[in-house]
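So the structure is just underneath, and the comments pick up after that.
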Amino acid sequence: MPKIIDVELTRLRIAKAAGKAIAGKGISAVTMIDIANAAGVTTGMITHYFESKADIIAAALRIPFLNMERKIAHLLEKGETDLAILLDAAIPASKSQSEDSVIWVNFWGVIAADPEFRKLNAALHREGKKIYDRVIRAAWPESEEWPTDVFETALRSIVTFLFGLCAGGVTNRAVWTTSVQRSQLELHLRMVRYWARRQALIICD
């Protein structure tokens, strides 16, 4: 009997391999051959499942989102409500999360010079924003009562800070250690929550 191939699992395996290749060589330098070698397949097989190198990169970049969503969902199912603990999944605090972050930092380095990557970044940013939106709503129930502009400003501040932690944790691990990342995240969240609560009161008065 012919071997049955699970298309989605095969795409995921190639995307994961692409992520490792990107982390090792960078997006600009990595080739289809590098990705094929990392995945243990031929370049012909890759082009069968992906339309272009950009398509593979997009799939590789979504894996960190999937990993983060899975970890956050697990914590929420356990009843976790501490936003700092929930968002720990979004920073390079562990080895696996650091590997995910390396892919993103590599991607940020090529966005400005590539219109296609800029569009991809905008789409992925919208996906990530939806995840953070849900987590903040779950951890901070009072945020449902905040005016839209207050919530959006708080959300933007948190997302921007997470990007900074991601970059710091990847490029200067000696300074941005796991403990420093976590303590700074906790501090930033406390400040944002305090600000948002006060703004909501001011606007409502």
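Within each chain, counting starts at residue 1; across the structure tokens, chains are named A, B, ... in the order shown, with ligands numbered 1 upward in that order.
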
*Apply DSSP to the structure's backbone, then extract all residues of chain A labelled alpha helix (DSSP H) and return them as a ChimeraX atom specification.*
/A:7-25,32-39,43-49,53-77,83-87,95-111,115-139,148-171,178-204

Can you list every residue of range 40-115 of chain A that has an atom at most 8 Å from range 159-183 of chain A, with its nearest atom pair and the distance in Å to one decimal, using only C-alpha atoms, ordered by chain then number, as a tab-separated table?
```
residue	atom	partner	partner_atom	distance
A:Ala84	CA	A:Arg182	CA	7.6
A:Asp88	CA	A:Arg182	CA	7.1
A:Ala90	CA	A:Leu162	CA	7.0
A:Ile91	CA	A:Cys166	CA	5.5
A:Pro92	CA	A:Gly169	CA	5.8
A:Ala93	CA	A:Thr178	CA	4.8
A:Ser94	CA	A:Thr178	CA	7.5
A:Ser98	CA	A:Val170	CA	6.7
A:Ser101	CA	A:Cys166	CA	6.1
A:Val102	CA	A:Val170	CA	6.1
A:Val105	CA	A:Ala167	CA	6.2
```

Next, dump the selected residues to file, keeping only C-alpha atoms, as a PDB file, in the first residue's frame.
```
ATOM      1  CA  ALA A  84       3.102  37.979  34.427  1.00  0.00           C
ATOM      2  CA  ASP A  88       6.134  34.357  30.647  1.00  0.00           C
ATOM      3  CA  ALA A  90       5.997  35.170  25.360  1.00  0.00           C
ATOM      4  CA  ILE A  91       9.545  35.979  26.468  1.00  0.00           C
ATOM      5  CA  PRO A  92      12.825  34.054  25.949  1.00  0.00           C
ATOM      6  CA  ALA A  93      12.899  32.860  29.552  1.00  0.00           C
ATOM      7  CA  SER A  94      13.474  29.171  28.765  1.00  0.00           C
ATOM      8  CA  SER A  98      14.753  31.537  23.453  1.00  0.00           C
ATOM      9  CA  SER A 101      12.691  34.311  19.878  1.00  0.00           C
ATOM     10  CA  VAL A 102      15.867  33.975  17.809  1.00  0.00           C
ATOM     11  CA  VAL A 105      14.801  38.685  16.001  1.00  0.00           C
TER      12      VAL A 105
END
```

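CA of Pro64 in chain A to CA of Thr10 in chain A spans 17.3 Å [interatomic distance, one decimal].
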
List the spatial neighbours of Leu83 in chain A as a PDB file with N, CA and C atoms, in the first residue's frame - criterion: any atom at most 12 Å away, only C-alpha atoms, same-chain residues fewer than 6 positions off excluded.
```
ATOM      1  N   ILE A  72      -0.076  29.105  27.252  1.00  0.00           N
ATOM      2  CA  ILE A  72      -1.023  29.996  27.916  1.00  0.00           C
ATOM      3  C   ILE A  72      -2.342  29.276  28.169  1.00  0.00           C
ATOM      4  N   LEU A  75      -2.069  27.018  31.136  1.00  0.00           N
ATOM      5  CA  LEU A  75      -2.084  27.758  32.401  1.00  0.00           C
ATOM      6  C   LEU A  75      -3.490  28.252  32.743  1.00  0.00           C
ATOM      7  N   LEU A  76      -4.216  28.725  31.743  1.00  0.00           N
ATOM      8  CA  LEU A  76      -5.578  29.204  31.977  1.00  0.00           C
ATOM      9  C   LEU A  76      -6.489  28.061  32.419  1.00  0.00           C
ATOM     10  N   ALA A  89       5.288  32.977  28.837  1.00  0.00           N
ATOM     11  CA  ALA A  89       5.393  32.154  27.625  1.00  0.00           C
ATOM     12  C   ALA A  89       5.788  32.970  26.402  1.00  0.00           C
ATOM     13  N   ALA A  90       5.717  34.305  26.503  1.00  0.00           N
ATOM     14  CA  ALA A  90       5.997  35.170  25.360  1.00  0.00           C
ATOM     15  C   ALA A  90       7.405  35.746  25.360  1.00  0.00           C
ATOM     16  N   TYR A 132      -2.660  38.353  22.905  1.00  0.00           N
ATOM     17  CA  TYR A 132      -2.405  39.170  24.086  1.00  0.00           C
ATOM     18  C   TYR A 132      -3.690  39.818  24.592  1.00  0.00           C
ATOM     19  N   ASP A 133      -4.549  40.215  23.679  1.00  0.00           N
ATOM     20  CA  ASP A 133      -5.844  40.796  24.044  1.00  0.00           C
ATOM     21  C   ASP A 133      -6.621  39.831  24.926  1.00  0.00           C
ATOM     22  N   ARG A 134      -6.733  38.579  24.480  1.00  0.00           N
ATOM     23  CA  ARG A 134      -7.494  37.569  25.229  1.00  0.00           C
ATOM     24  C   ARG A 134      -6.886  37.312  26.605  1.00  0.00           C
ATOM     25  N   VAL A 135      -5.559  37.254  26.660  1.00  0.00           N
ATOM     26  CA  VAL A 135      -4.887  36.957  27.927  1.00  0.00           C
ATOM     27  C   VAL A 135      -5.085  38.090  28.937  1.00  0.00           C
ATOM     28  N   ILE A 136      -4.948  39.325  28.472  1.00  0.00           N
ATOM     29  CA  ILE A 136      -5.139  40.476  29.361  1.00  0.00           C
ATOM     30  C   ILE A 136      -6.568  40.509  29.889  1.00  0.00           C
ATOM     31  N   ARG A 137      -7.526  40.265  29.016  1.00  0.00           N
ATOM     32  CA  ARG A 137      -8.935  40.249  29.430  1.00  0.00           C
ATOM     33  C   ARG A 137      -9.172  39.180  30.503  1.00  0.00           C
ATOM     34  N   ALA A 138      -8.525  38.028  30.309  1.00  0.00           N
ATOM     35  CA  ALA A 138      -8.719  36.925  31.259  1.00  0.00           C
ATOM     36  C   ALA A 138      -8.065  37.206  32.603  1.00  0.00           C
ATOM     37  N   ALA A 139      -6.888  37.826  32.590  1.00  0.00           N
ATOM     38  CA  ALA A 139      -6.136  38.072  33.828  1.00  0.00           C
ATOM     39  C   ALA A 139      -6.594  39.324  34.558  1.00  0.00           C
ATOM     40  N   TRP A 140      -7.029  40.316  33.804  1.00  0.00           N
ATOM     41  CA  TRP A 140      -7.467  41.578  34.393  1.00  0.00           C
ATOM     42  C   TRP A 140      -8.950  41.792  34.053  1.00  0.00           C
ATOM     43  N   PRO A 141      -9.861  41.182  34.792  1.00  0.00           N
ATOM     44  CA  PRO A 141     -11.300  41.280  34.488  1.00  0.00           C
ATOM     45  C   PRO A 141     -11.807  42.721  34.408  1.00  0.00           C
ATOM     46  N   ILE A 158       2.187  46.879  26.513  1.00  0.00           N
ATOM     47  CA  ILE A 158       2.618  45.540  26.923  1.00  0.00           C
ATOM     48  C   ILE A 158       3.275  44.801  25.763  1.00  0.00           C
ATOM     49  N   ARG A 182      11.897  38.416  33.872  1.00  0.00           N
ATOM     50  CA  ARG A 182      10.654  38.203  34.627  1.00  0.00           C
ATOM     51  C   ARG A 182      10.364  39.340  35.588  1.00  0.00           C
ATOM     52  N   LEU A 185       9.240  42.359  33.596  1.00  0.00           N
ATOM     53  CA  LEU A 185       7.883  42.157  33.081  1.00  0.00           C
ATOM     54  C   LEU A 185       6.853  42.404  34.182  1.00  0.00           C
ATOM     55  N   GLU A 186       7.113  41.868  35.366  1.00  0.00           N
ATOM     56  CA  GLU A 186       6.193  42.081  36.490  1.00  0.00           C
ATOM     57  C   GLU A 186       6.056  43.567  36.806  1.00  0.00           C
ATOM     58  N   LEU A 187       7.178  44.281  36.832  1.00  0.00           N
ATOM     59  CA  LEU A 187       7.162  45.709  37.130  1.00  0.00           C
ATOM     60  C   LEU A 187       6.380  46.475  36.066  1.00  0.00           C
ATOM     61  N   HIS A 188       6.644  46.176  34.812  1.00  0.00           N
ATOM     62  CA  HIS A 188       5.957  46.891  33.735  1.00  0.00           C
ATOM     63  C   HIS A 188       4.442  46.647  33.799  1.00  0.00           C
ATOM     64  N   LEU A 189       4.042  45.427  34.047  1.00  0.00           N
ATOM     65  CA  LEU A 189       2.614  45.116  34.111  1.00  0.00           C
ATOM     66  C   LEU A 189       1.938  45.838  35.273  1.00  0.00           C
ATOM     67  N   ARG A 190       2.631  45.918  36.404  1.00  0.00           N
ATOM     68  CA  ARG A 190       2.055  46.648  37.540  1.00  0.00           C
ATOM     69  C   ARG A 190       1.854  48.115  37.183  1.00  0.00           C
ATOM     70  N   VAL A 192       1.528  49.470  34.150  1.00  0.00           N
ATOM     71  CA  VAL A 192       0.485  49.620  33.129  1.00  0.00           C
ATOM     72  C   VAL A 192      -0.898  49.465  33.745  1.00  0.00           C
ATOM     73  N   ARG A 193      -1.046  48.499  34.630  1.00  0.00           N
ATOM     74  CA  ARG A 193      -2.361  48.281  35.260  1.00  0.00           C
ATOM     75  C   ARG A 193      -2.752  49.470  36.123  1.00  0.00           C
TER      76      ARG A 193
END
```

_I'd like the contact shell of Asp100 in chain A - 9 Å cut-off, only C-alpha atoms, skipping same-chain residues fewer than 5 positions apart - returned as a list in words._
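Everything that qualifies: Gly19, Lys20, Ala23, Leu61, Ile63, Pro64, Asn67, Pro92 and Lys95 of chain A.
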
Please save N, CA, C and O atoms of the selected residues as a tab-separated table (two decimals), in the first residue's frame.
```
chain	number	residue	atom	x	y	z
A	19	GLY	N	12.86	26.86	10.98
A	19	GLY	CA	13.13	27.72	12.13
A	19	GLY	C	14.52	27.50	12.69
A	19	GLY	O	15.25	28.45	13.00
A	20	LYS	N	14.92	26.24	12.78
A	20	LYS	CA	16.27	25.93	13.28
A	20	LYS	C	17.35	26.43	12.31
A	20	LYS	O	18.39	26.95	12.72
A	23	ALA	N	17.53	30.20	12.64
A	23	ALA	CA	18.21	30.57	13.88
A	23	ALA	C	19.72	30.41	13.74
A	23	ALA	O	20.50	31.16	14.33
A	61	LEU	N	7.59	31.24	11.48
A	61	LEU	CA	7.32	32.31	12.43
A	61	LEU	C	6.04	32.06	13.22
A	61	LEU	O	5.89	32.58	14.33
A	63	ILE	N	5.10	29.18	14.36
A	63	ILE	CA	5.33	28.14	15.37
A	63	ILE	C	5.48	28.73	16.77
A	63	ILE	O	4.90	28.21	17.73
A	64	PRO	N	6.25	29.83	16.95
A	64	PRO	CA	6.31	30.44	18.29
A	64	PRO	C	4.93	30.85	18.80
A	64	PRO	O	4.66	30.73	20.00
A	67	ASN	N	3.28	27.67	20.01
A	67	ASN	CA	3.87	27.25	21.29
A	67	ASN	C	3.37	28.13	22.44
A	67	ASN	O	3.04	27.63	23.52
A	92	PRO	N	11.81	35.11	26.05
A	92	PRO	CA	12.82	34.05	25.95
A	92	PRO	C	13.39	33.63	27.30
A	92	PRO	O	14.60	33.69	27.55
A	95	LYS	N	14.91	27.76	27.40
A	95	LYS	CA	15.72	27.44	26.22
A	95	LYS	C	14.86	27.36	24.97
A	95	LYS	O	15.20	27.93	23.93
```

*Å distance separating CA of Glu144 in chain A from CA of Gln199 in chain A, one decimal place*: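 Distance between the two atoms: 13.7 Å.
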
Selection near range 42-59 of chain A, 9 Å with only C-alpha atoms, sequence-local residues under 3 positions removed, as a PDB file with N, CA and C atoms, in the first residue's frame:
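Okay, this is what ended up in out.pdb:
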```pdb
ATOM      1  N   VAL A   7      -0.416  15.910   5.361  1.00  0.00           N
ATOM      2  CA  VAL A   7       0.096  17.154   4.798  1.00  0.00           C
ATOM      3  C   VAL A   7       0.456  18.170   5.870  1.00  0.00           C
ATOM      4  N   THR A  10       3.527  17.214   7.863  1.00  0.00           N
ATOM      5  CA  THR A  10       4.730  17.374   7.054  1.00  0.00           C
ATOM      6  C   THR A  10       5.112  18.841   6.940  1.00  0.00           C
ATOM      7  N   ARG A  11       4.115  19.705   6.720  1.00  0.00           N
ATOM      8  CA  ARG A  11       4.384  21.141   6.661  1.00  0.00           C
ATOM      9  C   ARG A  11       4.958  21.640   7.986  1.00  0.00           C
ATOM     10  N   LEU A  12       4.396  21.138   9.094  1.00  0.00           N
ATOM     11  CA  LEU A  12       4.866  21.549  10.414  1.00  0.00           C
ATOM     12  C   LEU A  12       6.306  21.101  10.641  1.00  0.00           C
ATOM     13  N   ILE A  14       8.617  20.564   8.386  1.00  0.00           N
ATOM     14  CA  ILE A  14       9.501  21.385   7.556  1.00  0.00           C
ATOM     15  C   ILE A  14       9.635  22.789   8.141  1.00  0.00           C
ATOM     16  N   ALA A  15       8.513  23.339   8.633  1.00  0.00           N
ATOM     17  CA  ALA A  15       8.537  24.684   9.225  1.00  0.00           C
ATOM     18  C   ALA A  15       9.431  24.720  10.460  1.00  0.00           C
ATOM     19  N   LYS A  16       9.359  23.679  11.287  1.00  0.00           N
ATOM     20  CA  LYS A  16      10.212  23.614  12.477  1.00  0.00           C
ATOM     21  C   LYS A  16      11.685  23.542  12.073  1.00  0.00           C
ATOM     22  N   ALA A  18      12.909  24.662   9.318  1.00  0.00           N
ATOM     23  CA  ALA A  18      13.252  25.976   8.769  1.00  0.00           C
ATOM     24  C   ALA A  18      13.603  26.943   9.887  1.00  0.00           C
ATOM     25  N   GLY A  19      12.856  26.862  10.985  1.00  0.00           N
ATOM     26  CA  GLY A  19      13.129  27.723  12.131  1.00  0.00           C
ATOM     27  C   GLY A  19      14.523  27.495  12.685  1.00  0.00           C
ATOM     28  N   ILE A  22      17.020  28.937  10.201  1.00  0.00           N
ATOM     29  CA  ILE A  22      17.015  30.397  10.279  1.00  0.00           C
ATOM     30  C   ILE A  22      17.773  30.865  11.513  1.00  0.00           C
ATOM     31  N   ILE A  27      17.811  34.781   8.296  1.00  0.00           N
ATOM     32  CA  ILE A  27      16.850  34.682   7.200  1.00  0.00           C
ATOM     33  C   ILE A  27      17.487  34.991   5.851  1.00  0.00           C
ATOM     34  N   THR A  31      19.177  29.076   2.912  1.00  0.00           N
ATOM     35  CA  THR A  31      18.735  28.681   1.577  1.00  0.00           C
ATOM     36  C   THR A  31      17.746  27.527   1.670  1.00  0.00           C
ATOM     37  N   MET A  32      17.107  27.232   0.545  1.00  0.00           N
ATOM     38  CA  MET A  32      16.181  26.102   0.491  1.00  0.00           C
ATOM     39  C   MET A  32      16.937  24.799   0.773  1.00  0.00           C
ATOM     40  N   ILE A  33      18.185  24.745   0.344  1.00  0.00           N
ATOM     41  CA  ILE A  33      18.993  23.548   0.600  1.00  0.00           C
ATOM     42  C   ILE A  33      19.251  23.392   2.096  1.00  0.00           C
ATOM     43  N   ILE A  35      17.347  24.433   4.509  1.00  0.00           N
ATOM     44  CA  ILE A  35      16.083  24.013   5.119  1.00  0.00           C
ATOM     45  C   ILE A  35      15.817  22.540   4.820  1.00  0.00           C
ATOM     46  N   ALA A  36      16.070  22.133   3.574  1.00  0.00           N
ATOM     47  CA  ALA A  36      15.869  20.732   3.202  1.00  0.00           C
ATOM     48  C   ALA A  36      16.767  19.812   4.021  1.00  0.00           C
ATOM     49  N   ASN A  37      18.021  20.203   4.189  1.00  0.00           N
ATOM     50  CA  ASN A  37      18.955  19.396   4.975  1.00  0.00           C
ATOM     51  C   ASN A  37      18.509  19.299   6.429  1.00  0.00           C
ATOM     52  N   ALA A  39      15.499  19.508   7.527  1.00  0.00           N
ATOM     53  CA  ALA A  39      14.259  18.726   7.613  1.00  0.00           C
ATOM     54  C   ALA A  39      14.456  17.275   7.185  1.00  0.00           C
ATOM     55  N   ARG A  62       5.127  31.292  12.650  1.00  0.00           N
ATOM     56  CA  ARG A  62       3.867  31.015  13.361  1.00  0.00           C
ATOM     57  C   ARG A  62       4.041  29.960  14.451  1.00  0.00           C
ATOM     58  N   ILE A  63       5.102  29.179  14.360  1.00  0.00           N
ATOM     59  CA  ILE A  63       5.329  28.136  15.372  1.00  0.00           C
ATOM     60  C   ILE A  63       5.485  28.730  16.772  1.00  0.00           C
ATOM     61  N   PHE A 107      14.046  37.792  11.894  1.00  0.00           N
ATOM     62  CA  PHE A 107      13.027  38.320  10.980  1.00  0.00           C
ATOM     63  C   PHE A 107      12.958  39.840  11.055  1.00  0.00           C
ATOM     64  N   GLU A 116       7.405  42.409   1.056  1.00  0.00           N
ATOM     65  CA  GLU A 116       6.648  41.189   1.335  1.00  0.00           C
ATOM     66  C   GLU A 116       6.748  40.816   2.803  1.00  0.00           C
ATOM     67  N   PHE A 117       7.930  40.981   3.373  1.00  0.00           N
ATOM     68  CA  PHE A 117       8.108  40.681   4.791  1.00  0.00           C
ATOM     69  C   PHE A 117       7.375  41.705   5.668  1.00  0.00           C
ATOM     70  N   LEU A 120       3.886  40.527   5.803  1.00  0.00           N
ATOM     71  CA  LEU A 120       3.837  39.346   6.658  1.00  0.00           C
ATOM     72  C   LEU A 120       3.917  39.745   8.120  1.00  0.00           C
ATOM     73  N   ASN A 121       4.810  40.671   8.438  1.00  0.00           N
ATOM     74  CA  ASN A 121       4.963  41.133   9.815  1.00  0.00           C
ATOM     75  C   ASN A 121       3.672  41.759  10.333  1.00  0.00           C
ATOM     76  N   LEU A 124       1.184  38.926  11.068  1.00  0.00           N
ATOM     77  CA  LEU A 124       1.565  38.187  12.270  1.00  0.00           C
ATOM     78  C   LEU A 124       1.376  39.041  13.525  1.00  0.00           C
TER      79      LEU A 124
END
```

_Nearest residue to Ile202 in chain A from the set A:Ala73, A:Trp146, A:Glu8, A:Phe151 (distances using only C-alpha atoms)_ = A:Trp146

*Rank nothing, just name the residue among A:Ala21, A:Leu9, A:Ala154, A:Leu86 nearest to His74 in chain A, using only C-alpha atoms.*
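The shortest atom-to-atom distance to His74 in chain A comes from A:Leu86.
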